[in-house]
>>> print(open('input.cif').read())   # mmCIF, C-alpha atoms and all ligand atoms
data_data
#
loop_
_atom_site.label_atom_id
_atom_site.label_comp_id
_atom_site.auth_asym_id
_atom_site.auth_seq_id
_atom_site.Cartn_x
_atom_site.Cartn_y
_atom_site.Cartn_z
CA MET C 19 22.22 -3.69 24.36
CA VAL C 20 22.44 -0.64 26.61
CA ASP C 21 22.78 -1.43 30.28
CA GLN C 22 20.62 1.14 31.92
CA PRO C 23 17.52 0.73 34.04
CA VAL C 24 14.10 0.61 32.49
CA SER C 25 13.13 3.73 34.41
CA LYS C 26 15.48 5.76 32.20
CA GLY C 27 13.17 5.15 29.31
CA LEU C 28 10.10 5.94 31.35
CA ASP C 29 11.56 9.10 32.83
CA ASP C 30 11.76 10.93 29.58
CA MET C 31 8.30 9.87 28.58
CA SER C 32 5.88 12.52 29.72
CA LYS C 33 2.41 11.65 30.88
CA SER C 34 0.93 12.71 27.56
CA ASP C 35 3.43 10.57 25.66
CA GLN C 36 2.26 7.58 27.61
CA LEU C 37 -1.29 8.32 26.63
CA ARG C 38 -0.34 8.70 23.02
CA ASP C 39 -1.25 5.15 22.16
CA TYR C 40 -3.11 6.37 19.11
CA VAL C 41 -4.77 3.78 16.94
CA CYS C 42 -5.80 6.46 14.44
CA ARG C 43 -2.99 8.96 14.24
CA CYS C 44 -4.66 11.20 11.67
CA GLU C 45 -7.62 11.89 13.96
CA GLU C 46 -5.74 11.27 17.24
CA ILE C 47 -8.05 8.52 18.48
CA PRO C 48 -6.51 6.50 21.32
CA ARG C 49 -6.86 2.78 21.82
CA SER C 50 -9.14 3.36 24.82
CA ALA C 51 -11.72 5.19 22.66
CA ILE C 52 -11.85 2.33 20.17
CA ARG C 53 -12.16 -0.19 22.97
CA GLU C 54 -15.05 1.80 24.46
CA ALA C 55 -16.81 2.00 21.10
CA ILE C 56 -16.52 -1.77 20.68
CA ALA C 57 -17.87 -2.30 24.21
CA GLU C 58 -20.85 -0.10 23.31
CA GLY C 59 -21.72 -2.58 20.58
CA ASN C 60 -20.07 -1.05 17.51
CA HIS C 61 -18.70 -4.15 15.81
CA THR C 62 -18.18 -3.02 12.21
CA LEU C 63 -15.53 -0.74 10.73
CA ASN C 64 -18.18 1.70 9.52
CA ASP C 65 -19.85 1.85 12.96
CA ILE C 66 -16.56 2.51 14.70
CA LYS C 67 -15.68 5.15 12.16
CA ARG C 68 -18.97 6.94 12.74
CA ARG C 69 -18.63 6.64 16.52
CA THR C 70 -14.98 7.67 16.89
CA ARG C 71 -13.79 9.25 13.58
CA ALA C 72 -11.10 6.54 13.27
CA GLY C 73 -10.61 6.20 9.52
CA MET C 74 -11.81 9.69 8.63
CA GLY C 75 -8.37 11.31 8.49
CA VAL C 76 -6.17 12.28 5.58
CA CYS C 77 -4.95 8.73 5.03
CA GLN C 78 -8.56 7.53 4.74
CA GLY C 79 -8.01 4.70 7.18
CA ILE C 80 -4.96 3.14 5.53
CA TYR C 81 -3.00 3.19 8.79
CA CYS C 82 -5.74 2.48 11.34
CA LEU C 83 -8.54 0.31 10.02
CA ARG C 84 -6.53 -2.85 10.12
CA THR C 85 -5.74 -2.23 13.79
CA VAL C 86 -9.42 -1.53 14.44
CA ALA C 87 -10.31 -4.81 12.69
CA GLU C 88 -7.78 -6.65 14.87
CA MET C 89 -9.23 -5.01 17.99
CA ILE C 90 -12.73 -6.10 16.97
CA ARG C 91 -11.36 -9.60 16.53
CA SER C 92 -9.68 -9.70 19.93
CA GLU C 93 -12.58 -8.11 21.83
CA THR C 94 -15.51 -9.87 20.12
CA GLY C 95 -14.08 -12.82 18.20
CA VAL C 96 -15.44 -11.46 14.90
CA HIS C 97 -12.89 -12.42 12.24
CA PRO C 98 -11.82 -9.68 9.80
CA SER C 99 -12.87 -11.89 6.87
CA THR C 100 -16.49 -11.46 7.95
CA LEU C 101 -16.12 -7.68 8.30
CA ALA C 102 -16.76 -5.41 5.35
CA PRO C 103 -13.96 -2.90 4.74
CA MET C 104 -14.88 0.68 5.51
CA THR C 105 -17.02 2.19 2.76
CA ALA C 106 -14.57 3.75 0.30
CA ARG C 107 -15.51 7.23 -0.80
CA PRO C 108 -13.78 9.65 -3.12
CA PRO C 109 -11.40 11.35 -2.95
CA ALA C 110 -8.84 8.59 -2.43
CA ARG C 111 -6.17 11.27 -2.04
CA LEU C 112 -6.16 14.85 -0.85
CA ILE C 113 -7.21 17.23 -3.59
CA SER C 114 -8.33 20.83 -3.36
CA LEU C 115 -11.99 21.81 -3.44
CA GLY C 116 -11.01 24.48 -5.93
CA SER C 117 -9.72 21.94 -8.42
CA LEU C 118 -12.87 19.87 -8.00
CA ALA C 119 -15.08 22.90 -8.52
CA ASN C 120 -13.28 23.67 -11.76
CA ILE C 121 -13.64 20.21 -13.24
CA ASP C 122 -14.45 20.34 -16.87
CA PRO C 123 -15.80 16.89 -17.64
CA GLY C 124 -14.58 15.45 -20.86
CA SER C 125 -12.05 18.19 -21.39
CA ASP C 126 -9.17 15.78 -21.59
CA GLU C 127 -7.29 16.37 -24.83
CA HIS C 128 -4.52 13.88 -24.14
CA ASP C 129 -2.38 16.92 -23.57
CA GLY C 130 -0.18 15.27 -21.02
CA ALA C 131 -1.76 17.33 -18.23
CA MET P 29 -17.31 7.12 -26.41
CA SER P 30 -14.38 6.49 -24.08
CA GLN P 31 -11.41 8.81 -24.21
CA VAL P 32 -8.98 5.94 -23.74
CA ASP P 33 -9.41 2.21 -24.21
CA VAL P 34 -7.56 1.20 -21.06
CA ALA P 35 -6.52 3.32 -18.08
CA VAL P 36 -3.99 1.74 -15.71
CA ILE P 37 -3.70 3.26 -12.23
CA GLY P 38 -0.25 2.89 -10.72
CA ALA P 39 3.06 2.63 -12.60
CA GLY P 40 4.72 0.06 -10.38
CA PRO P 41 5.82 -3.31 -11.78
CA ALA P 42 2.28 -4.72 -12.11
CA GLY P 43 0.85 -1.53 -13.63
CA ILE P 44 3.71 -1.25 -16.12
CA ALA P 45 3.23 -4.91 -17.11
CA ALA P 46 -0.50 -4.27 -17.57
CA ALA P 47 -0.02 -1.09 -19.58
CA LEU P 48 2.59 -2.62 -21.91
CA ALA P 49 0.39 -5.67 -22.48
CA ALA P 50 -2.70 -3.55 -23.17
CA ALA P 51 -0.79 -1.33 -25.60
CA ASP P 52 0.71 -4.36 -27.36
CA ALA P 53 -2.81 -5.75 -27.77
CA GLY P 54 -3.66 -2.56 -29.67
CA ALA P 55 -5.45 -0.59 -26.96
CA ASN P 56 -5.02 3.15 -26.66
CA THR P 57 -3.63 3.11 -23.13
CA LEU P 58 -3.09 5.66 -20.37
CA LEU P 59 -0.82 4.87 -17.41
CA VAL P 60 -0.99 7.25 -14.43
CA ASP P 61 1.07 7.45 -11.26
CA GLU P 62 1.17 9.91 -8.41
CA GLY P 63 4.96 9.75 -8.13
CA THR P 64 7.53 11.77 -10.03
CA ARG P 65 8.95 8.67 -11.70
CA ALA P 66 7.56 5.35 -12.88
CA GLY P 67 8.71 2.13 -11.26
CA GLY P 68 6.87 2.03 -7.94
CA HIS P 69 8.64 0.02 -5.31
CA LEU P 70 11.50 -0.89 -7.68
CA ARG P 71 12.73 2.62 -6.88
CA TRP P 72 13.13 1.91 -3.17
CA ARG P 73 13.25 -1.90 -2.88
CA ILE P 74 16.34 -1.82 -4.97
CA SER P 75 17.46 -5.43 -4.60
CA LEU P 76 14.32 -7.09 -5.99
CA THR P 77 15.62 -7.11 -9.57
CA LEU P 78 19.29 -7.45 -8.75
CA GLU P 79 19.60 -11.10 -9.68
CA ASN P 80 16.38 -12.04 -11.41
CA ASP P 81 14.27 -10.50 -14.09
CA PRO P 82 10.66 -10.84 -12.87
CA GLY P 83 9.32 -11.58 -16.35
CA PHE P 84 9.97 -8.52 -18.52
CA GLY P 85 12.78 -10.14 -20.51
CA LEU P 86 15.29 -7.51 -19.36
CA SER P 87 18.73 -7.91 -17.81
CA PRO P 88 18.73 -7.99 -14.03
CA ALA P 89 19.79 -4.65 -12.56
CA VAL P 90 19.53 -2.61 -9.41
CA GLY P 91 15.90 -1.45 -8.94
CA PRO P 92 16.04 2.15 -10.22
CA GLU P 93 18.07 1.11 -13.29
CA PHE P 94 15.63 -1.70 -13.97
CA ALA P 95 12.78 0.81 -13.71
CA ASP P 96 14.55 3.14 -16.16
CA GLN P 97 14.68 0.30 -18.69
CA LEU P 98 10.94 -0.17 -18.25
CA VAL P 99 10.35 3.55 -18.80
CA GLU P 100 12.26 3.37 -22.08
CA ARG P 101 10.04 0.52 -23.13
CA ILE P 102 6.92 2.52 -22.25
CA GLN P 103 8.16 5.50 -24.23
CA ALA P 104 8.73 3.34 -27.30
CA ARG P 105 4.99 2.58 -27.54
CA GLY P 106 3.07 5.08 -29.63
CA ASN P 107 -0.28 4.12 -28.14
CA LEU P 108 0.78 4.28 -24.48
CA GLU P 109 0.89 7.54 -22.58
CA LEU P 110 2.55 7.79 -19.16
CA ARG P 111 1.32 10.61 -16.93
CA LEU P 112 3.29 11.17 -13.74
CA GLU P 113 2.43 13.34 -10.73
CA THR P 114 -1.18 12.53 -11.45
CA VAL P 115 -3.43 11.29 -8.69
CA ALA P 116 -6.40 9.02 -9.38
CA TRP P 117 -8.79 10.20 -6.68
CA GLY P 118 -12.10 8.65 -7.68
CA LEU P 119 -13.60 5.86 -9.75
CA PHE P 120 -17.27 6.22 -10.56
CA ASP P 121 -19.97 4.43 -12.57
CA ASP P 122 -19.27 3.72 -16.22
CA ASN P 123 -15.51 3.89 -15.63
CA LEU P 124 -15.46 7.61 -15.08
CA LEU P 125 -12.05 8.24 -13.54
CA GLY P 126 -11.19 11.34 -11.51
CA LEU P 127 -7.61 12.52 -12.04
CA SER P 128 -5.79 15.45 -10.54
CA SER P 129 -2.43 17.04 -11.26
CA ALA P 130 -0.78 20.45 -10.87
CA ASN P 131 -3.01 21.58 -13.73
CA GLY P 132 -6.17 20.81 -11.78
CA ALA P 133 -8.72 18.03 -11.60
CA LYS P 134 -10.40 16.37 -14.51
CA GLU P 135 -12.51 13.38 -15.32
CA ILE P 136 -11.93 10.96 -18.13
CA THR P 137 -13.75 7.85 -19.28
CA ALA P 138 -11.98 4.59 -20.04
CA GLY P 139 -13.23 1.46 -21.74
CA ALA P 140 -11.57 -0.57 -19.00
CA ILE P 141 -9.62 0.21 -15.86
CA VAL P 142 -6.72 -1.73 -14.37
CA ILE P 143 -6.13 -0.94 -10.70
CA ALA P 144 -2.49 -1.56 -9.84
CA THR P 145 -2.19 0.73 -6.85
CA GLY P 146 0.13 -1.55 -4.91
CA SER P 147 0.36 -1.78 -1.17
CA THR P 148 0.80 0.20 2.01
CA ASP P 149 2.83 -0.83 5.04
CA LEU P 150 1.05 -2.50 7.93
CA VAL P 151 1.45 -0.73 11.24
CA ALA P 152 0.56 -1.56 14.82
CA PRO P 153 0.26 1.11 17.46
CA PHE P 154 2.46 1.06 20.56
CA PRO P 155 3.13 3.84 23.06
CA GLY P 156 5.28 6.49 21.42
CA TRP P 157 4.78 5.32 17.84
CA THR P 158 3.80 8.82 16.72
CA LEU P 159 7.12 10.33 17.84
CA PRO P 160 9.37 11.76 15.11
CA GLY P 161 11.99 9.13 14.37
CA VAL P 162 9.44 6.30 14.18
CA MET P 163 8.57 5.41 10.59
CA THR P 164 7.48 2.57 8.36
CA ALA P 165 10.04 0.33 6.64
CA ARG P 166 8.96 1.83 3.33
CA ALA P 167 9.58 5.37 4.56
CA ALA P 168 13.08 4.36 5.65
CA GLN P 169 13.79 2.80 2.25
CA ILE P 170 12.46 5.85 0.40
CA PHE P 171 14.66 8.11 2.52
CA ILE P 172 17.72 6.01 1.72
CA HIS P 173 17.22 5.02 -1.91
CA VAL P 174 15.11 7.83 -3.37
CA HIS P 175 16.20 10.87 -1.33
CA ARG P 176 19.66 9.60 -0.38
CA VAL P 177 19.20 10.50 3.27
CA LEU P 178 20.05 8.24 6.19
CA PRO P 179 17.38 9.19 8.74
CA GLY P 180 19.19 7.66 11.72
CA ARG P 181 22.35 5.84 12.82
CA ALA P 182 21.06 3.54 15.56
CA TRP P 183 17.90 1.64 14.67
CA ALA P 184 15.32 -0.69 16.05
CA ILE P 185 13.22 -2.71 13.64
CA LEU P 186 9.78 -4.00 14.61
CA GLY P 187 8.64 -7.12 12.78
CA ASP P 188 10.02 -10.39 11.49
CA SER P 189 8.72 -9.99 7.94
CA HIS P 190 11.03 -10.35 4.97
CA GLU P 191 10.59 -6.59 4.53
CA ALA P 192 12.28 -6.31 7.95
CA ASP P 193 15.23 -8.42 6.78
CA GLU P 194 15.47 -6.43 3.57
CA LEU P 195 15.50 -3.16 5.52
CA GLN P 196 18.16 -4.41 7.93
CA ARG P 197 20.41 -5.22 4.98
CA ASP P 198 19.77 -1.80 3.41
CA LEU P 199 20.48 0.02 6.68
CA GLU P 200 23.70 -1.86 7.27
CA LEU P 201 24.87 -1.24 3.71
CA ALA P 202 24.14 2.45 4.26
CA GLY P 203 26.32 2.48 7.39
CA ALA P 204 23.65 2.41 10.08
CA THR P 205 23.43 -0.06 12.96
CA VAL P 206 20.42 -2.18 13.80
CA VAL P 207 20.61 -2.18 17.59
CA VAL P 208 17.62 -4.40 18.23
CA ARG P 209 14.91 -6.34 16.40
CA ALA P 210 11.55 -6.54 18.16
CA ASN P 211 8.79 -8.87 17.09
CA ASP P 212 5.86 -7.97 19.28
CA PRO P 213 4.32 -4.47 19.31
CA GLU P 214 2.66 -5.37 22.63
CA THR P 215 6.02 -5.37 24.42
CA LEU P 216 7.45 -2.33 22.63
CA ARG P 217 7.45 1.20 23.95
CA ALA P 218 9.13 4.19 22.33
CA SER P 219 9.94 7.33 24.27
CA GLY P 220 11.76 10.61 24.04
CA THR P 221 11.25 14.31 24.48
CA ASN P 222 9.99 15.72 21.19
CA ARG P 223 11.59 12.87 19.28
CA LEU P 224 12.51 9.23 19.67
CA ALA P 225 15.41 8.63 22.07
CA HIS P 226 14.75 5.23 23.63
CA ALA P 227 12.86 2.06 22.99
CA GLU P 228 11.97 -0.51 25.57
CA VAL P 229 11.69 -4.04 24.26
CA GLY P 230 10.30 -6.12 27.08
CA ASP P 231 12.51 -5.26 30.06
CA ASP P 232 15.47 -3.93 28.09
CA VAL P 233 16.07 -0.31 27.15
CA TYR P 234 17.94 0.75 24.03
CA GLU P 235 19.25 4.13 22.94
CA LEU P 236 18.10 4.86 19.40
CA ASP P 237 17.49 7.56 16.90
CA ALA P 238 15.18 5.71 14.56
CA LEU P 239 12.67 2.90 14.68
CA ALA P 240 11.16 1.21 11.63
CA ILE P 241 7.84 -0.62 11.64
CA ALA P 242 8.29 -3.57 9.28
CA LEU P 243 5.27 -5.77 9.90
CA GLY P 244 4.65 -6.50 6.23
CA ARG P 245 2.34 -4.91 3.70
CA GLN P 246 -1.37 -4.77 2.90
CA PRO P 247 -3.14 -4.36 -0.47
CA ASP P 248 -4.35 -0.88 -1.40
CA ALA P 249 -7.58 -1.59 -3.29
CA GLU P 250 -9.41 1.59 -2.38
CA LEU P 251 -10.31 2.64 -5.93
CA ALA P 252 -11.78 -0.79 -6.68
CA LEU P 253 -13.83 -0.54 -3.50
CA GLN P 254 -15.02 2.91 -4.54
CA ALA P 255 -16.25 1.29 -7.75
CA MET P 256 -18.27 -1.05 -5.50
CA ALA P 257 -16.26 -4.15 -6.40
CA GLU P 258 -17.07 -7.00 -4.05
CA ALA P 259 -14.55 -6.96 -1.21
CA THR P 260 -12.83 -9.77 0.60
CA PHE P 261 -10.27 -10.29 3.34
CA SER P 262 -7.44 -12.79 3.19
CA GLU P 263 -4.71 -13.13 5.78
CA SER P 264 -2.28 -14.65 3.29
CA LEU P 265 -2.89 -11.93 0.68
CA GLY P 266 -2.23 -9.27 3.31
CA GLY P 267 -5.71 -8.03 4.21
CA PHE P 268 -8.69 -6.41 2.51
CA THR P 269 -8.82 -6.56 -1.27
CA THR P 270 -11.46 -7.43 -3.87
CA MET P 271 -12.76 -10.60 -5.46
CA ARG P 272 -11.92 -11.12 -9.13
CA ASP P 273 -12.28 -13.76 -11.80
CA GLN P 274 -9.46 -15.77 -13.37
CA ASP P 275 -8.57 -12.83 -15.62
CA CYS P 276 -8.42 -10.34 -12.73
CA GLU P 277 -11.79 -8.68 -13.44
CA THR P 278 -13.61 -7.55 -10.30
CA SER P 279 -17.38 -7.65 -9.85
CA ALA P 280 -17.46 -4.04 -11.12
CA PRO P 281 -17.74 -4.40 -14.89
CA ASP P 282 -14.55 -3.64 -16.81
CA VAL P 283 -12.64 -2.88 -13.61
CA PHE P 284 -9.60 -5.14 -13.25
CA ILE P 285 -7.21 -5.42 -10.34
CA ALA P 286 -3.66 -6.77 -10.35
CA GLY P 287 -0.44 -6.84 -8.41
CA ASP P 288 -0.04 -6.13 -4.72
CA ALA P 289 -3.37 -4.25 -4.76
CA ALA P 290 -4.97 -7.64 -5.46
CA GLY P 291 -2.94 -9.38 -2.75
CA ILE P 292 0.67 -9.07 -1.65
CA GLY P 293 2.82 -11.31 -3.81
CA SER P 294 6.28 -11.88 -5.21
CA LEU P 295 7.53 -9.65 -8.00
CA ALA P 296 7.19 -12.47 -10.57
CA GLU P 297 3.60 -13.11 -9.48
CA ILE P 298 2.49 -9.52 -9.66
CA VAL P 299 4.15 -8.91 -13.03
CA ALA P 300 2.50 -12.00 -14.56
CA GLU P 301 -0.83 -10.95 -13.10
CA GLY P 302 -0.42 -7.39 -14.38
CA ARG P 303 0.22 -8.65 -17.90
CA LEU P 304 -2.87 -10.86 -17.82
CA ALA P 305 -5.04 -8.03 -16.48
CA GLY P 306 -3.75 -5.66 -19.18
CA LEU P 307 -4.52 -8.13 -21.96
CA ALA P 308 -7.98 -8.89 -20.58
CA ALA P 309 -8.73 -5.18 -20.16
CA ALA P 310 -7.69 -4.58 -23.76
CA GLY P 311 -9.97 -7.39 -24.96
CA ALA P 312 -7.07 -9.42 -26.37
CA ASP P 313 -7.93 -12.57 -28.30
CA ALA P 314 -8.54 -15.88 -26.57
CA ALA P 315 -5.20 -17.43 -27.56
CA LYS P 316 -3.19 -14.55 -26.08
CA LEU P 317 -5.26 -14.64 -22.92
CA ALA P 318 -4.76 -18.39 -22.56
CA ASP P 319 -0.97 -17.93 -22.85
CA ALA P 320 -0.96 -15.14 -20.27
CA ARG P 321 -3.08 -17.25 -17.91
CA ALA P 322 -0.64 -20.13 -18.24
CA GLU P 323 2.28 -17.78 -17.54
CA ARG P 324 0.48 -16.36 -14.53
CA ASP P 325 -0.22 -19.85 -13.20
CA ALA P 326 3.42 -20.85 -13.71
CA ALA P 327 4.64 -17.77 -11.82
CA MET P 328 2.16 -18.24 -9.01
CA SER P 329 3.42 -19.77 -5.79
CA ASN P 330 1.44 -22.50 -4.10
CA ALA P 331 0.68 -20.10 -1.28
CA ARG P 332 -0.93 -17.53 -3.57
CA ALA P 333 -2.78 -20.22 -5.50
CA ALA P 334 -4.16 -21.59 -2.25
CA ALA P 335 -5.12 -18.12 -1.03
CA LEU P 336 -6.97 -17.38 -4.26
CA GLU P 337 -8.71 -20.72 -4.15
CA GLU P 338 -9.85 -20.06 -0.62
CA LEU P 339 -11.39 -16.80 -1.75
CA HIS P 340 -13.68 -18.58 -4.19
CA LEU P 341 -12.58 -16.50 -7.11
CA ARG P 342 -15.43 -15.23 -9.17
CA PRO P 343 -16.02 -17.55 -12.14
CA ALA P 344 -15.00 -15.94 -15.42
CA GLY P 345 -17.52 -13.46 -16.73
CA ALA P 346 -19.88 -13.93 -13.77
S1 LIG L 401 -4.76 6.76 10.78
FE1 LIG L 401 -6.91 6.78 10.92
S2 LIG L 401 -7.50 7.94 9.21
FE2 LIG L 401 -5.35 7.95 9.08
#
>>> encode(input="input.cif", output="structure tokens")
Amino acid sequence: MVDQPVSKGLDDMSKSDQLRDYVCRCEEIPRSAIREAIAEGNHTLNDIKRRTRAGMGVCQGIYCLRTVAEMIRSETGVHPSTLAPMTARPPARLISLGSLANIDPGSDEHDGA
Amino acid sequence: MSQVDVAVIGAGPAGIAAALAAADAGANTLLVDEGTRAGGHLRWRISLTLENDPGFGLSPAVGPEFADQLVERIQARGNLELRLETVAWGLFDDNLLGLSSANGAKEITAGAIVIATGSTDLVAPFPGWTLPGVMTARAAQIFIHVHRVLPGRAWAILGDSHEADELQRDLELAGATVVVRANDPETLRASGTNRLAHAEVGDDVYELDALAIALGRQPDAELALQAMAEATFSESLGGFTTMRDQDCETSAPDVFIAGDAAGIGSLAEIVAEGRLAGLAAAGADAAKLADARAERDAAMSNARAAALEELHLRPAGA
């Protein structure tokens, strides 16, 4: 327990830090943008993804969709169990376009590659 | 003609149990993992196997040593191939599996797939949570136990999960101090210039150099969802995952799911489930399956049993 005033913590937080309440850190989508999208009537994970890009980043929504689902619950009362998860599309991990372009289907020789 | 009988995605405890069971049932089995070593969270949650063997019939040992014993067992099977540093990036119709490694991307077909991709850490945003110095509990444990780096001396931990307790113990053993535990992301605020320096918890301010988010874990079932397996959400299983029948088969034919990917569970639960999924994927005979089911049921806690019941598990073969 450090006995210093609360303002100490606030002082070294710049204005932009305060705004950095990102729900989706990959795409830098703040809480306010998600809230707005919900208010506009987007009440599914796919709708909010299309409206805001939340869930379209490198992590493919791993770190933000649950928060979005919780926000939908608190703003609209829709329980996550009645929401479909975001449509899962390949690739599940980052891979290069070059390696995809060079795919040789059925080339696997069990070569340990 | 499939190139392998069974492909298991993820070489954590559940995936290893599945792969060993499939190989023992005679299936030509491939086990892939994106990491450099097999063992999954045994490599960073090092106390899980310290006192109890979760069902492999091995001596209890610290996590990484326990994982090494499992690797030896894998290597002793002629019909089981372990491929590390290999990412499974897509699962398509007819069990066409997209893999990628340093040698490029390729596609293989498998008679059956077992998805054992484990979990990811739950997070909750709060002001300043993207500052360097703020990380998930898992990241902190990987720093400490895999990379042997202590990423901070003075810590705050967010969450009252058992992952939070586990991390506190690890940090203190590593010589760090847990300055404050916070339970509610709504009353937490991290700040600092360029990196974390302070956290406010309610009205109190603490000087820190690291903050771990330890709110628990959620299943990572993305590949099963790509295969269009019917999805579900369960609070007690940790979030979104997929439906499956009593032998862990999803609604996508010949796609099985086991372990934390199928719902966060204890190590004994996920190992027993992995073994059952591996046997079912390999088409093991009815007697073996019945034994594995009984073992799974014996390992299963009442909480998981209730959660699965609530989900209206798919009837077998439906
Ligand atoms: S946090 Fe939203 S896509 Fe990664």
>>> closest_residue(input="input.cif", among="C:Thr62, C:Ser92, C:Thr70, C:Ser99", to="ligand LIG 401 (chain L)", atoms="all atoms listed in the file")
C:Thr70
>>> atom_distance(input="input.cif", atom1="atom CA of P:Thr215", atom2="atom CA of P:Phe268")
26.4 Å
>>> residues_near_ligand(input="input.cif", ligand="ligand LIG 401 (chain L)", cutoff="7 Å", atoms="all atoms listed in the file", output="mmCIF file with C-alpha atoms, in the frame of the given file")
data_model
loop_
_atom_site.group_PDB
_atom_site.id
_atom_site.type_symbol
_atom_site.label_atom_id
_atom_site.label_comp_id
_atom_site.auth_asym_id
_atom_site.auth_seq_id
_atom_site.Cartn_x
_atom_site.Cartn_y
_atom_site.Cartn_z
ATOM 1 C CA VAL C 41 -4.770 3.780 16.940
ATOM 2 C CA CYS C 42 -5.800 6.460 14.440
ATOM 3 C CA ARG C 43 -2.990 8.960 14.240
ATOM 4 C CA CYS C 44 -4.660 11.200 11.670
ATOM 5 C CA GLU C 45 -7.620 11.890 13.960
ATOM 6 C CA ALA C 72 -11.100 6.540 13.270
ATOM 7 C CA GLY C 73 -10.610 6.200 9.520
ATOM 8 C CA MET C 74 -11.810 9.690 8.630
ATOM 9 C CA GLY C 75 -8.370 11.310 8.490
ATOM 10 C CA VAL C 76 -6.170 12.280 5.580
ATOM 11 C CA CYS C 77 -4.950 8.730 5.030
ATOM 12 C CA GLN C 78 -8.560 7.530 4.740
ATOM 13 C CA GLY C 79 -8.010 4.700 7.180
ATOM 14 C CA ILE C 80 -4.960 3.140 5.530
ATOM 15 C CA TYR C 81 -3.000 3.190 8.790
ATOM 16 C CA CYS C 82 -5.740 2.480 11.340
ATOM 17 C CA LEU C 83 -8.540 0.310 10.020
#
>>> atom_distance(input="input.cif", atom1="atom CA of P:Gly306", atom2="atom CA of P:Ala47")
5.9 Å
>>> atom_distance(input="input.cif", atom1="atom CA of P:Glu250", atom2="atom CA of P:Ala305")
17.6 Å
>>> axis_aligned_box(input="input.cif", around="stretch 184-195 of chain P", padding_each_side="6 Å", output="lines of an AutoDock Vina configuration file")
center_x = 12.1
center_y = -5.5
center_z = 9.8
size_x = 18.9
size_y = 21.7
size_z = 24.5
>>> interface_residues(input="input.cif", of="chain P", to="chain C", cutoff="6 Å", atoms="all atoms listed in the file", output="list in words")
Trp117, Gly118, Gly132, Ala133, Lys134, Glu135, Ile136, Pro153, Phe154, Pro155, Ser219, Gly220, His226, Val233, Tyr234, Leu253, Gln254 and Phe261 of chain P
>>> build_atoms(input="input.cif", residues="stretch 105-117 of chain C", atoms="N, CA and C atoms", output="compact mmCIF listing (two decimals), in the coordinates of the input")
# COMPACT_ATOMS: atom_id res chain seq x y z
N THR C 105 -16.53 1.71 4.05
CA THR C 105 -17.02 2.19 2.76
C THR C 105 -16.00 3.18 2.17
N ALA C 106 -15.57 2.90 0.94
CA ALA C 106 -14.57 3.75 0.30
C ALA C 106 -15.27 4.88 -0.44
N ARG C 107 -14.89 6.08 -0.13
CA ARG C 107 -15.51 7.23 -0.80
C ARG C 107 -14.44 8.12 -1.41
N PRO C 108 -14.74 8.70 -2.56
CA PRO C 108 -13.78 9.65 -3.12
C PRO C 108 -13.70 10.89 -2.23
N PRO C 109 -12.62 11.63 -2.20
CA PRO C 109 -11.40 11.35 -2.95
C PRO C 109 -10.49 10.37 -2.22
N ALA C 110 -9.78 9.56 -3.00
CA ALA C 110 -8.84 8.59 -2.43
C ALA C 110 -7.57 9.29 -1.97
N ARG C 111 -7.33 10.49 -2.46
CA ARG C 111 -6.17 11.27 -2.04
C ARG C 111 -6.63 12.70 -1.81
N LEU C 112 -5.81 13.45 -1.07
CA LEU C 112 -6.16 14.85 -0.85
C LEU C 112 -6.14 15.62 -2.16
N ILE C 113 -7.25 16.30 -2.47
CA ILE C 113 -7.21 17.23 -3.59
C ILE C 113 -7.97 18.47 -3.17
N SER C 114 -7.72 19.59 -3.82
CA SER C 114 -8.33 20.83 -3.36
C SER C 114 -9.76 20.92 -3.85
N LEU C 115 -10.61 21.58 -3.03
CA LEU C 115 -11.99 21.81 -3.44
C LEU C 115 -12.03 22.65 -4.70
N GLY C 116 -11.07 23.60 -4.77
CA GLY C 116 -11.01 24.48 -5.93
C GLY C 116 -10.84 23.69 -7.22
N SER C 117 -9.94 22.70 -7.18
CA SER C 117 -9.72 21.94 -8.42
C SER C 117 -10.95 21.11 -8.77
